[in-house]
file coords-v9.tsv (TSV, C-alpha atoms and all ligand atoms)
chain	number	residue	atom	x	y	z
S	13	MET	CA	-8.63	-8.78	-7.71
S	14	ARG	CA	-5.13	-7.85	-6.59
S	15	GLY	CA	-3.11	-7.19	-9.72
S	16	ARG	CA	-5.97	-7.80	-12.15
S	17	ALA	CA	-5.97	-5.55	-15.21
S	18	LEU	CA	-8.86	-3.07	-15.30
S	19	ASN	CA	-10.66	-2.55	-18.59
S	20	TRP	CA	-13.45	-0.04	-17.99
S	21	ARG	CA	-13.90	2.70	-20.52
S	22	ILE	CA	-12.35	6.07	-19.77
S	23	ASP	CA	-14.76	8.91	-20.47
S	24	MET	CA	-12.94	12.21	-20.96
S	25	GLU	CA	-16.09	14.09	-19.92
S	26	ARG	CA	-16.28	12.24	-16.63
S	27	PRO	CA	-16.38	13.99	-13.26
S	28	ASN	CA	-13.30	14.41	-11.01
S	29	HIS	CA	-13.19	10.83	-9.74
S	30	PHE	CA	-10.69	9.92	-7.03
S	31	LEU	CA	-10.18	6.28	-7.98
S	32	ASP	CA	-6.48	5.58	-7.61
S	33	LEU	CA	-3.25	7.54	-7.27
S	34	ASP	CA	-1.79	6.07	-10.47
S	35	ARG	CA	-4.65	7.65	-12.43
S	36	ILE	CA	-4.40	11.20	-11.09
S	37	ASP	CA	-1.59	13.53	-12.16
S	38	ALA	CA	0.98	14.57	-9.57
S	39	GLU	CA	-0.07	18.25	-9.73
S	40	SER	CA	-3.67	17.40	-8.80
S	41	LEU	CA	-2.50	15.19	-5.92
S	42	ARG	CA	-0.37	18.04	-4.62
S	43	GLU	CA	-3.34	20.41	-5.01
S	44	ILE	CA	-5.48	18.02	-2.92
S	45	LEU	CA	-2.83	17.99	-0.17
S	46	ASP	CA	-2.59	21.77	-0.31
S	47	TYR	CA	-6.39	22.01	0.10
S	48	GLY	CA	-6.24	19.57	3.02
S	49	THR	CA	-3.40	21.44	4.73
S	50	ALA	CA	-5.14	24.79	4.31
S	51	LEU	CA	-8.42	23.42	5.67
S	52	LYS	CA	-6.60	21.91	8.65
S	53	ARG	CA	-5.25	25.39	9.42
S	54	GLY	CA	-8.72	26.90	9.15
S	55	VAL	CA	-7.99	28.56	5.80
S	56	PHE	CA	-10.63	28.01	3.11
S	57	PRO	CA	-8.93	27.96	-0.31
S	58	VAL	CA	-12.16	27.86	-2.37
S	59	GLY	CA	-15.84	28.55	-1.74
S	60	GLY	CA	-15.72	30.34	1.62
S	61	SER	CA	-16.16	28.65	5.00
S	62	THR	CA	-18.89	26.25	3.81
S	63	PRO	CA	-17.67	25.26	0.33
S	64	LEU	CA	-19.85	22.14	0.20
S	65	LEU	CA	-23.04	23.77	1.52
S	66	GLY	CA	-26.04	21.82	0.23
S	67	LYS	CA	-23.87	18.98	-1.11
S	68	THR	CA	-24.42	15.35	-0.11
S	69	LEU	CA	-22.00	12.44	-0.02
S	70	ALA	CA	-23.29	8.84	-0.26
S	71	MET	CA	-20.99	6.37	1.48
S	72	ILE	CA	-21.32	2.71	0.45
S	73	PHE	CA	-19.59	0.25	2.76
S	74	GLU	CA	-19.31	-3.42	1.82
S	75	LYS	CA	-16.55	-3.90	4.42
S	76	PRO	CA	-16.12	-2.66	8.01
S	77	SER	CA	-14.67	0.77	8.83
S	78	THR	CA	-14.06	3.14	11.71
S	79	ARG	CA	-11.74	5.88	10.40
S	80	THR	CA	-12.96	6.09	6.82
S	81	ARG	CA	-16.62	6.27	7.75
S	82	VAL	CA	-16.25	8.82	10.54
S	83	SER	CA	-13.68	11.04	8.80
S	84	PHE	CA	-15.75	11.28	5.61
S	85	GLU	CA	-18.96	12.02	7.51
S	86	VAL	CA	-17.36	14.60	9.79
S	87	GLY	CA	-15.43	16.08	6.85
S	88	MET	CA	-18.64	16.67	4.90
S	89	GLN	CA	-20.27	18.28	7.94
S	90	GLN	CA	-17.30	20.58	8.49
S	91	LEU	CA	-17.43	21.70	4.85
S	92	GLY	CA	-21.15	22.51	5.14
S	93	GLY	CA	-22.52	19.35	3.53
S	94	THR	CA	-24.06	16.09	4.71
S	95	ALA	CA	-23.32	12.38	4.33
S	96	VAL	CA	-25.60	9.37	3.91
S	97	PHE	CA	-24.37	5.93	5.02
S	98	LEU	CA	-25.33	2.79	3.09
S	99	GLN	CA	-24.33	-0.62	4.38
S	100	GLY	CA	-23.90	-2.65	1.16
S	101	ALA	CA	-25.65	-5.76	2.46
S	102	GLU	CA	-28.59	-3.77	3.84
S	103	SER	CA	-29.17	-1.80	0.63
S	104	GLN	CA	-30.59	-3.35	-2.53
S	105	LEU	CA	-27.01	-4.11	-3.59
S	106	GLY	CA	-27.25	-6.93	-1.05
S	107	ARG	CA	-30.23	-8.33	-2.99
S	108	GLY	CA	-28.55	-8.19	-6.38
S	109	GLU	CA	-29.30	-4.70	-7.72
S	110	THR	CA	-26.41	-3.90	-10.01
S	111	ILE	CA	-23.67	-1.40	-9.25
S	112	ALA	CA	-24.52	0.33	-12.54
S	113	ASP	CA	-28.16	0.87	-11.55
S	114	THR	CA	-27.10	1.97	-8.07
S	115	ALA	CA	-24.72	4.48	-9.65
S	116	ARG	CA	-27.45	5.90	-11.92
S	117	VAL	CA	-29.92	6.26	-9.04
S	118	LEU	CA	-27.52	7.70	-6.45
S	119	SER	CA	-26.31	10.24	-9.04
S	120	ARG	CA	-29.86	11.66	-9.08
S	121	TYR	CA	-29.80	12.24	-5.28
S	122	VAL	CA	-26.25	13.03	-4.24
S	123	ASP	CA	-23.25	15.05	-5.40
S	124	VAL	CA	-20.44	12.58	-4.71
S	125	ILE	CA	-20.21	8.85	-3.88
S	126	MET	CA	-17.58	7.04	-1.79
S	127	ILE	CA	-17.37	3.25	-1.88
S	128	ARG	CA	-15.43	0.67	0.16
S	129	THR	CA	-15.65	-2.71	-1.51
S	130	ASP	CA	-13.69	-5.87	-2.23
S	131	ASP	CA	-13.45	-6.11	-6.01
S	132	PRO	CA	-11.85	-3.10	-7.73
S	133	GLU	CA	-14.07	-3.82	-10.75
S	134	LYS	CA	-17.06	-2.66	-8.67
S	135	LEU	CA	-15.37	0.69	-8.13
S	136	GLU	CA	-14.73	0.96	-11.86
S	137	GLU	CA	-18.33	0.08	-12.69
S	138	LEU	CA	-19.62	2.65	-10.22
S	139	ALA	CA	-17.39	5.32	-11.77
S	140	ALA	CA	-18.37	4.33	-15.31
S	141	TYR	CA	-22.10	4.80	-14.62
S	142	ALA	CA	-22.14	7.60	-12.03
S	143	THR	CA	-22.54	11.14	-13.28
S	144	VAL	CA	-21.05	12.51	-10.04
S	145	PRO	CA	-17.51	12.01	-8.69
S	146	VAL	CA	-16.67	8.62	-7.17
S	147	ILE	CA	-14.09	8.17	-4.40
S	148	ASN	CA	-12.23	4.93	-3.62
S	149	GLY	CA	-12.60	4.31	0.12
S	150	LEU	CA	-10.54	1.07	-0.15
S	151	THR	CA	-10.69	-2.00	-2.36
S	152	ASP	CA	-8.65	-5.20	-2.25
S	153	ARG	CA	-6.38	-3.47	-4.77
S	154	SER	CA	-5.65	-0.10	-3.14
S	155	HIS	CA	-6.38	2.52	-0.46
S	156	PRO	CA	-5.56	5.92	-1.99
S	157	CYS	CA	-7.34	8.10	0.62
S	158	GLN	CA	-5.11	6.61	3.31
S	159	LEU	CA	-2.02	7.49	1.29
S	160	MET	CA	-3.04	11.13	1.02
S	161	ALA	CA	-3.21	11.24	4.82
S	162	ASP	CA	0.11	9.41	5.10
S	163	ILE	CA	1.96	11.83	2.81
S	164	LEU	CA	0.41	14.78	4.67
S	165	THR	CA	1.58	13.27	7.96
S	166	PHE	CA	5.13	12.60	6.79
S	167	GLU	CA	5.47	16.14	5.42
S	168	GLU	CA	4.05	17.75	8.58
S	169	HIS	CA	6.71	16.01	10.63
S	170	ARG	CA	9.69	15.93	8.30
S	171	GLY	CA	9.11	18.35	5.41
S	172	PRO	CA	8.93	17.39	1.72
S	173	ILE	CA	8.85	13.64	1.08
S	174	ASP	CA	10.53	14.22	-2.29
S	175	GLY	CA	13.86	12.36	-2.25
S	176	ARG	CA	13.26	10.64	1.12
S	177	VAL	CA	13.28	6.88	1.80
S	178	VAL	CA	10.16	5.01	2.99
S	179	THR	CA	10.22	1.28	3.76
S	180	TRP	CA	7.15	-0.91	3.71
S	181	VAL	CA	7.50	-4.08	5.83
S	182	GLY	CA	5.07	-7.02	5.70
S	183	ASP	CA	2.20	-8.00	3.46
S	184	GLY	CA	2.27	-6.69	-0.12
S	185	ASN	CA	-1.40	-5.74	0.16
S	186	ASN	CA	-3.71	-2.92	-0.98
S	187	MET	CA	-1.83	-0.38	1.14
S	188	ALA	CA	1.47	-1.51	-0.38
S	189	THR	CA	0.04	-0.88	-3.86
S	190	SER	CA	-0.98	2.64	-2.91
S	191	TRP	CA	2.48	3.30	-1.46
S	192	ILE	CA	3.96	2.12	-4.80
S	193	HIS	CA	1.75	4.58	-6.66
S	194	ALA	CA	2.65	7.35	-4.20
S	195	ALA	CA	6.41	6.75	-4.61
S	196	SER	CA	6.13	7.65	-8.27
S	197	LYS	CA	3.72	10.56	-7.84
S	198	PHE	CA	5.56	12.17	-4.90
S	199	ASN	CA	9.08	11.19	-5.99
S	200	PHE	CA	10.46	9.27	-3.00
S	201	GLU	CA	12.32	5.97	-2.76
S	202	LEU	CA	10.13	3.09	-1.64
S	203	ARG	CA	11.63	-0.15	-0.41
S	204	LEU	CA	9.29	-3.08	0.15
S	205	ALA	CA	10.30	-6.02	2.34
S	206	CYS	CA	7.74	-8.79	1.80
S	207	PRO	CA	7.88	-12.59	1.78
S	208	GLY	CA	7.74	-14.02	-1.76
S	209	GLU	CA	4.33	-15.54	-1.09
S	210	PHE	CA	2.89	-12.14	-0.14
S	211	ALA	CA	4.77	-9.92	-2.57
S	212	PRO	CA	3.08	-6.75	-3.87
S	213	SER	CA	0.96	-6.81	-7.01
S	214	GLU	CA	3.00	-7.49	-10.16
S	215	GLU	CA	0.82	-4.95	-11.97
S	216	ALA	CA	1.80	-2.21	-9.51
S	217	MET	CA	5.49	-3.16	-9.65
S	218	ALA	CA	5.43	-3.15	-13.46
S	219	TRP	CA	3.69	0.25	-13.46
S	220	ALA	CA	6.36	1.66	-11.13
S	221	LYS	CA	9.12	0.32	-13.36
S	222	GLU	CA	7.51	1.83	-16.45
S	223	LYS	CA	7.26	5.19	-14.67
S	224	GLY	CA	10.92	5.02	-13.61
S	225	ALA	CA	9.95	5.15	-9.92
S	226	ARG	CA	12.51	4.16	-7.29
S	227	VAL	CA	10.67	1.10	-5.95
S	228	ILE	CA	12.80	-1.76	-4.66
S	229	LEU	CA	11.48	-5.17	-3.58
S	230	THR	CA	13.36	-7.46	-1.21
S	231	THR	CA	12.55	-10.27	1.22
S	232	ASP	CA	14.96	-8.90	3.87
S	233	PRO	CA	13.41	-6.35	6.27
S	234	ALA	CA	16.71	-5.53	8.04
S	235	GLU	CA	18.39	-4.67	4.74
S	236	ALA	CA	15.39	-2.65	3.54
S	237	VAL	CA	14.94	-0.58	6.69
S	238	ALA	CA	18.63	0.45	6.95
S	239	GLY	CA	18.83	4.27	6.79
S	240	SER	CA	15.10	4.77	6.08
S	241	ASP	CA	13.27	7.99	6.97
S	242	CYS	CA	9.98	6.19	7.59
S	243	VAL	CA	8.95	2.59	8.30
S	244	VAL	CA	5.39	1.53	7.47
S	245	THR	CA	3.46	-1.65	8.05
S	246	ASP	CA	-0.13	-2.91	8.07
S	247	THR	CA	-2.12	-5.85	9.37
S	248	TRP	CA	-0.96	-9.27	8.18
S	249	VAL	CA	-4.58	-10.34	7.67
S	250	SER	CA	-6.60	-7.85	5.65
S	251	MET	CA	-10.41	-7.74	5.52
S	252	GLY	CA	-11.50	-10.68	3.38
S	253	ASP	CA	-8.29	-12.73	3.79
S	254	SER	CA	-9.16	-16.28	4.84
S	255	ASP	CA	-5.62	-17.66	5.32
S	256	GLY	CA	-4.81	-15.94	8.62
S	257	ASP	CA	-2.81	-18.79	10.17
S	258	LEU	CA	-0.52	-19.12	7.16
S	259	ARG	CA	-0.04	-15.35	6.97
S	260	ARG	CA	0.88	-15.06	10.67
S	261	LYS	CA	3.45	-17.82	10.20
S	262	ARG	CA	5.04	-16.48	7.02
S	263	LEU	CA	4.97	-12.85	8.12
S	264	ALA	CA	6.34	-13.41	11.65
S	265	PRO	CA	9.92	-12.43	10.57
S	266	TYR	CA	8.49	-9.13	9.28
S	267	GLN	CA	7.37	-7.73	12.62
S	268	VAL	CA	8.32	-4.06	13.13
S	269	ASN	CA	10.01	-4.02	16.54
S	270	GLU	CA	12.59	-1.85	18.27
S	271	ALA	CA	15.50	-3.85	16.84
S	272	LEU	CA	14.23	-3.27	13.30
S	273	MET	CA	13.48	0.43	13.91
S	274	ALA	CA	17.03	0.86	15.30
S	275	ARG	CA	18.35	0.18	11.78
S	276	ALA	CA	16.43	3.15	10.34
S	277	GLN	CA	17.49	6.81	10.66
S	278	LYS	CA	17.60	8.01	14.29
S	279	ASP	CA	14.59	10.26	13.69
S	280	ALA	CA	12.69	7.77	11.49
S	281	LEU	CA	8.91	7.84	11.72
S	282	PHE	CA	6.71	4.79	12.19
S	283	MET	CA	3.38	4.75	10.35
S	284	HIS	CA	0.43	2.32	10.24
S	285	CYS	CA	-2.97	2.94	8.65
S	286	LEU	CA	-4.73	1.13	11.56
S	287	PRO	CA	-6.37	-0.99	12.83
S	288	ALA	CA	-3.19	-2.44	14.37
S	289	HIS	CA	-2.49	-5.81	15.98
S	290	ARG	CA	0.12	-5.28	18.70
S	291	GLY	CA	2.40	-8.30	19.00
S	292	GLU	CA	1.83	-9.24	15.35
S	293	GLU	CA	2.92	-6.77	12.65
S	294	VAL	CA	4.17	-4.23	15.23
S	295	THR	CA	5.20	-4.28	18.87
S	296	GLU	CA	3.61	-2.09	21.51
S	297	ALA	CA	6.99	-0.42	22.12
S	298	VAL	CA	7.07	0.83	18.52
S	299	ILE	CA	3.46	1.81	17.86
S	300	ASP	CA	3.07	3.46	21.27
S	301	GLY	CA	6.65	4.77	21.29
S	302	PRO	CA	8.28	8.10	20.36
S	303	CYS	CA	8.78	7.42	16.63
S	304	SER	CA	5.12	6.57	16.03
S	305	VAL	CA	2.88	9.15	14.33
S	306	VAL	CA	-0.13	6.87	13.92
S	307	TRP	CA	-2.59	9.18	15.73
S	308	ASP	CA	-1.62	12.17	13.58
S	309	GLU	CA	-1.95	9.84	10.59
S	310	ALA	CA	-5.46	8.84	11.67
S	311	GLU	CA	-6.42	12.49	12.27
S	312	ASN	CA	-5.09	13.45	8.87
S	313	ARG	CA	-7.61	11.15	7.19
S	314	LEU	CA	-10.10	13.91	8.00
S	315	HIS	CA	-8.00	16.77	6.61
S	316	ALA	CA	-6.73	14.94	3.52
S	317	GLN	CA	-10.25	13.78	2.63
S	318	LYS	CA	-11.61	17.29	3.00
S	319	GLY	CA	-9.00	18.09	0.34
S	320	VAL	CA	-10.20	15.15	-1.79
S	321	LEU	CA	-13.86	16.20	-1.47
S	322	THR	CA	-13.03	19.81	-2.31
S	323	TRP	CA	-11.06	18.71	-5.39
S	324	CYS	CA	-13.80	16.30	-6.54
S	325	LEU	CA	-16.54	18.90	-6.24
S	326	MET	CA	-14.77	22.21	-6.81
S	327	GLY	CA	-11.40	21.38	-8.34
N	401	LIG	N1	-7.27	2.97	7.93
N	401	LIG	C1	-8.58	2.76	7.66
N	401	LIG	O1	-9.01	2.82	6.49
N	401	LIG	O2	-9.34	2.50	8.74
N	401	LIG	P1	-10.85	1.99	8.76
N	401	LIG	O3	-10.84	0.59	8.21
N	401	LIG	O4	-11.26	2.06	10.19
N	401	LIG	O5	-11.68	2.89	7.88
N	402	LIG	N1	-5.00	-3.82	4.41
N	402	LIG	C1	-6.07	-3.51	5.31
N	402	LIG	C2	-6.25	-2.04	5.41
N	402	LIG	C3	-7.31	-1.61	6.40
N	402	LIG	C4	-7.51	-0.13	6.46
N	402	LIG	C5	-7.34	-4.19	4.85
N	402	LIG	O1	-7.64	-4.15	3.65
N	402	LIG	O2	-8.04	-4.77	5.68

call {"tool": "encode", "arguments": {"input": "coords-v9.tsv", "output": "structure tokens"}}
result
Amino acid sequence: MRGRALNWRIDMERPNHFLDLDRIDAESLREILDYGTALKRGVFPVGGSTPLLGKTLAMIFEKPSTRTRVSFEVGMQQLGGTAVFLQGAESQLGRGETIADTARVLSRYVDVIMIRTDDPEKLEELAAYATVPVINGLTDRSHPCQLMADILTFEEHRGPIDGRVVTWVGDGNNMATSWIHAASKFNFELRLACPGEFAPSEEAMAWAKEKGARVILTTDPAEAVAGSDCVVTDTWVSMGDSDGDLRRKRLAPYQVNEALMARAQKDALFMHCLPAHRGEEVTEAVIDGPCSVVWDEAENRLHAQKGVLTWCLMG
């Protein structure tokens, strides 16, 4: 899963899938953010005030969700469309129907499919067999929709992220991989402070190196955070992780607290994709304090995803 090479065929005729940031060119990602920003301001860049009128999104969830589910459903409604929710285990997927067959069938009913699943290969299989766009709503490998909201949030508060310094502190998980991809696509410096045991995916680090991205890995959070414009963390125990006790022990020195934030720039932002665990990866003083923009970040899931949906269906 994390770091595994993906070998699905690439079909040049395929729809505008939103699978991962490393597979979409920087201009398209910027276009998506521009759509999202315009829509947030009540400006409709394409297709009038109901650009997705008559369009339907199928949302497949094989893992829990609050933000992703609600923001996609509300986003579709606001663009004039509708959304259908499928709980993986309660659909025929839970009884062994293949992803490929599910993709073929759903493509006959709906205009776009979003999936949240564990194995990134399932996302690839869905995209390979769907004839409509497929959106990655999180896998164990990455969480690109969250990153679009995160970049939007940083830029709303601090202007262009190009040339700025973001530091990731904690588990080198799916969010860390998407931050690595984003550093290259949006041209900022990314420092990652992670314990060796929970380092980010070697595949993502190698990709960043090949792209010439400024991505630096260390085990020292104090050193990494020094002078940063933004400090980001995430839960120490992601959905599906079964080694919670070990993770809490190893990641304890990586808590984002006031002492750590004091090493960043005076006006540094704190970001977290949520859900958060106060007293573990972040203290209450930081997440509920003045440098935290986590509620704007959560709200921006809606706006950024309206940009993603617009790009997938009209871009
Ligand atoms: N950040 C995020 O994806 O939240 P949910 O798990 O609630 O969707
Ligand atoms: N890393 C977390 C992100 C949740 C939005 C997880 O995968 O559980």

call {"tool": "closest_residue", "arguments": {"input": "coords-v9.tsv", "among": "S:Gly108, S:Gly149, S:Gly184, S:Gly48", "to": "ligand LIG 401 (chain N)", "atoms": "all atoms listed in the file"}}
result
S:Gly149

call {"tool": "closest_residue", "arguments": {"input": "coords-v9.tsv", "among": "S:Lys134, S:Arg259, S:Arg81, S:His284", "to": "Met187 of chain S", "atoms": "only C-alpha atoms"}}
result
S:His284

call {"tool": "closest_atom_pairs", "arguments": {"input": "coords-v9.tsv", "of": "chain S", "to": "ligand LIG 402 (chain N)", "cutoff": "7 Å", "atoms": "only C-alpha atoms and all ligand atoms", "output": "Markdown table"}}
result
| residue | atom | partner | partner_atom | distance |
| --- | --- | --- | --- | --- |
| S:Asp152 | CA | N:LIG402 | O1 | 6.1 |
| S:Asn185 | CA | N:LIG402 | N1 | 5.9 |
| S:Asn186 | CA | N:LIG402 | N1 | 5.6 |
| S:Met187 | CA | N:LIG402 | N1 | 5.7 |
| S:Asp246 | CA | N:LIG402 | N1 | 6.2 |
| S:Thr247 | CA | N:LIG402 | N1 | 6.1 |
| S:Val249 | CA | N:LIG402 | O2 | 6.9 |
| S:Ser250 | CA | N:LIG402 | O2 | 3.4 |
| S:Met251 | CA | N:LIG402 | O2 | 3.8 |
| S:Cys285 | CA | N:LIG402 | C4 | 5.9 |
| S:Leu286 | CA | N:LIG402 | C4 | 5.9 |
| S:Pro287 | CA | N:LIG402 | C3 | 6.5 |

call {"tool": "residues_around", "arguments": {"input": "coords-v9.tsv", "residues": "segment 82-86 of chain S", "least_positions_apart": "6", "cutoff": "10 Å", "atoms": "only C-alpha atoms", "output": "number ranges by chain"}}
result
S: 68-71, 92-97, 126, 149, 310-318, 321

call {"tool": "residues_near_point", "arguments": {"input": "coords-v9.tsv", "point": "(11.2, -4.2, 0.9)", "cutoff": "6 Å", "atoms": "all atoms listed in the file", "output": "PyMOL selection string"}}
result
chain S and resi 180+203-206+229-230+236

call {"tool": "axis_aligned_box", "arguments": {"input": "coords-v9.tsv", "around": "ligand LIG 401 (chain N)", "padding_each_side": "3 Å", "output": "lines of an AutoDock Vina configuration file"}}
result
center_x = -9.5
center_y = 1.8
center_z = 8.3
size_x = 10.4
size_y = 8.4
size_z = 9.7

call {"tool": "closest_residue", "arguments": {"input": "coords-v9.tsv", "among": "S:Arg116, S:His155, S:Arg53, S:Arg26", "to": "ligand LIG 401 (chain N)", "atoms": "only C-alpha atoms and all ligand atoms"}}
result
S:His155

call {"tool": "decode", "arguments": {"input": "coords-v9.tsv", "residues": "segment 192-235 of chain S", "atoms": "C-alpha atoms", "output": "PDB file, in the first residue's frame"}}
result
ATOM      1  CA  ILE S 192       5.261  16.048  -0.893  1.00  0.00           C
ATOM      2  CA  HIS S 193       3.417  16.063  -4.213  1.00  0.00           C
ATOM      3  CA  ALA S 194       2.094  19.571  -3.531  1.00  0.00           C
ATOM      4  CA  ALA S 195       5.579  20.942  -2.736  1.00  0.00           C
ATOM      5  CA  SER S 196       6.675  20.113  -6.263  1.00  0.00           C
ATOM      6  CA  LYS S 197       3.477  21.227  -8.006  1.00  0.00           C
ATOM      7  CA  PHE S 198       3.116  24.523  -6.105  1.00  0.00           C
ATOM      8  CA  ASN S 199       6.845  25.223  -5.708  1.00  0.00           C
ATOM      9  CA  PHE S 200       7.310  25.602  -1.952  1.00  0.00           C
ATOM     10  CA  GLU S 201       9.888  24.150   0.437  1.00  0.00           C
ATOM     11  CA  LEU S 202       8.582  21.220   2.450  1.00  0.00           C
ATOM     12  CA  ARG S 203      10.398  19.993   5.531  1.00  0.00           C
ATOM     13  CA  LEU S 204       9.244  16.734   7.082  1.00  0.00           C
ATOM     14  CA  ALA S 205      10.115  15.842  10.672  1.00  0.00           C
ATOM     15  CA  CYS S 206       9.220  12.173  11.200  1.00  0.00           C
ATOM     16  CA  PRO S 207      10.667   9.344  13.275  1.00  0.00           C
ATOM     17  CA  GLY S 208      12.641   6.855  11.145  1.00  0.00           C
ATOM     18  CA  GLU S 209      10.064   4.146  11.792  1.00  0.00           C
ATOM     19  CA  PHE S 210       7.266   6.339  10.420  1.00  0.00           C
ATOM     20  CA  ALA S 211       9.130   8.110   7.631  1.00  0.00           C
ATOM     21  CA  PRO S 212       7.214   9.161   4.495  1.00  0.00           C
ATOM     22  CA  SER S 213       6.901   6.819   1.529  1.00  0.00           C
ATOM     23  CA  GLU S 214      10.219   6.198  -0.224  1.00  0.00           C
ATOM     24  CA  GLU S 215       8.354   6.311  -3.541  1.00  0.00           C
ATOM     25  CA  ALA S 216       7.101   9.840  -2.828  1.00  0.00           C
ATOM     26  CA  MET S 217      10.528  11.010  -1.641  1.00  0.00           C
ATOM     27  CA  ALA S 218      12.190   9.556  -4.753  1.00  0.00           C
ATOM     28  CA  TRP S 219       9.572  11.238  -6.964  1.00  0.00           C
ATOM     29  CA  ALA S 220      10.235  14.591  -5.276  1.00  0.00           C
ATOM     30  CA  LYS S 221      13.973  14.186  -5.780  1.00  0.00           C
ATOM     31  CA  GLU S 222      13.502  13.339  -9.451  1.00  0.00           C
ATOM     32  CA  LYS S 223      11.329  16.439  -9.881  1.00  0.00           C
ATOM     33  CA  GLY S 224      13.924  18.635  -8.160  1.00  0.00           C
ATOM     34  CA  ALA S 225      11.423  19.602  -5.432  1.00  0.00           C
ATOM     35  CA  ARG S 226      12.699  21.178  -2.222  1.00  0.00           C
ATOM     36  CA  VAL S 227      11.655  18.367   0.141  1.00  0.00           C
ATOM     37  CA  ILE S 228      13.828  17.798   3.201  1.00  0.00           C
ATOM     38  CA  LEU S 229      13.447  14.899   5.648  1.00  0.00           C
ATOM     39  CA  THR S 230      14.731  15.026   9.219  1.00  0.00           C
ATOM     40  CA  THR S 231      13.958  13.369  12.548  1.00  0.00           C
ATOM     41  CA  ASP S 232      14.271  16.669  14.463  1.00  0.00           C
ATOM     42  CA  PRO S 233      11.031  18.694  14.703  1.00  0.00           C
ATOM     43  CA  ALA S 234      12.673  21.722  16.385  1.00  0.00           C
ATOM     44  CA  GLU S 235      15.235  22.031  13.597  1.00  0.00           C
TER      45      GLU S 235
END
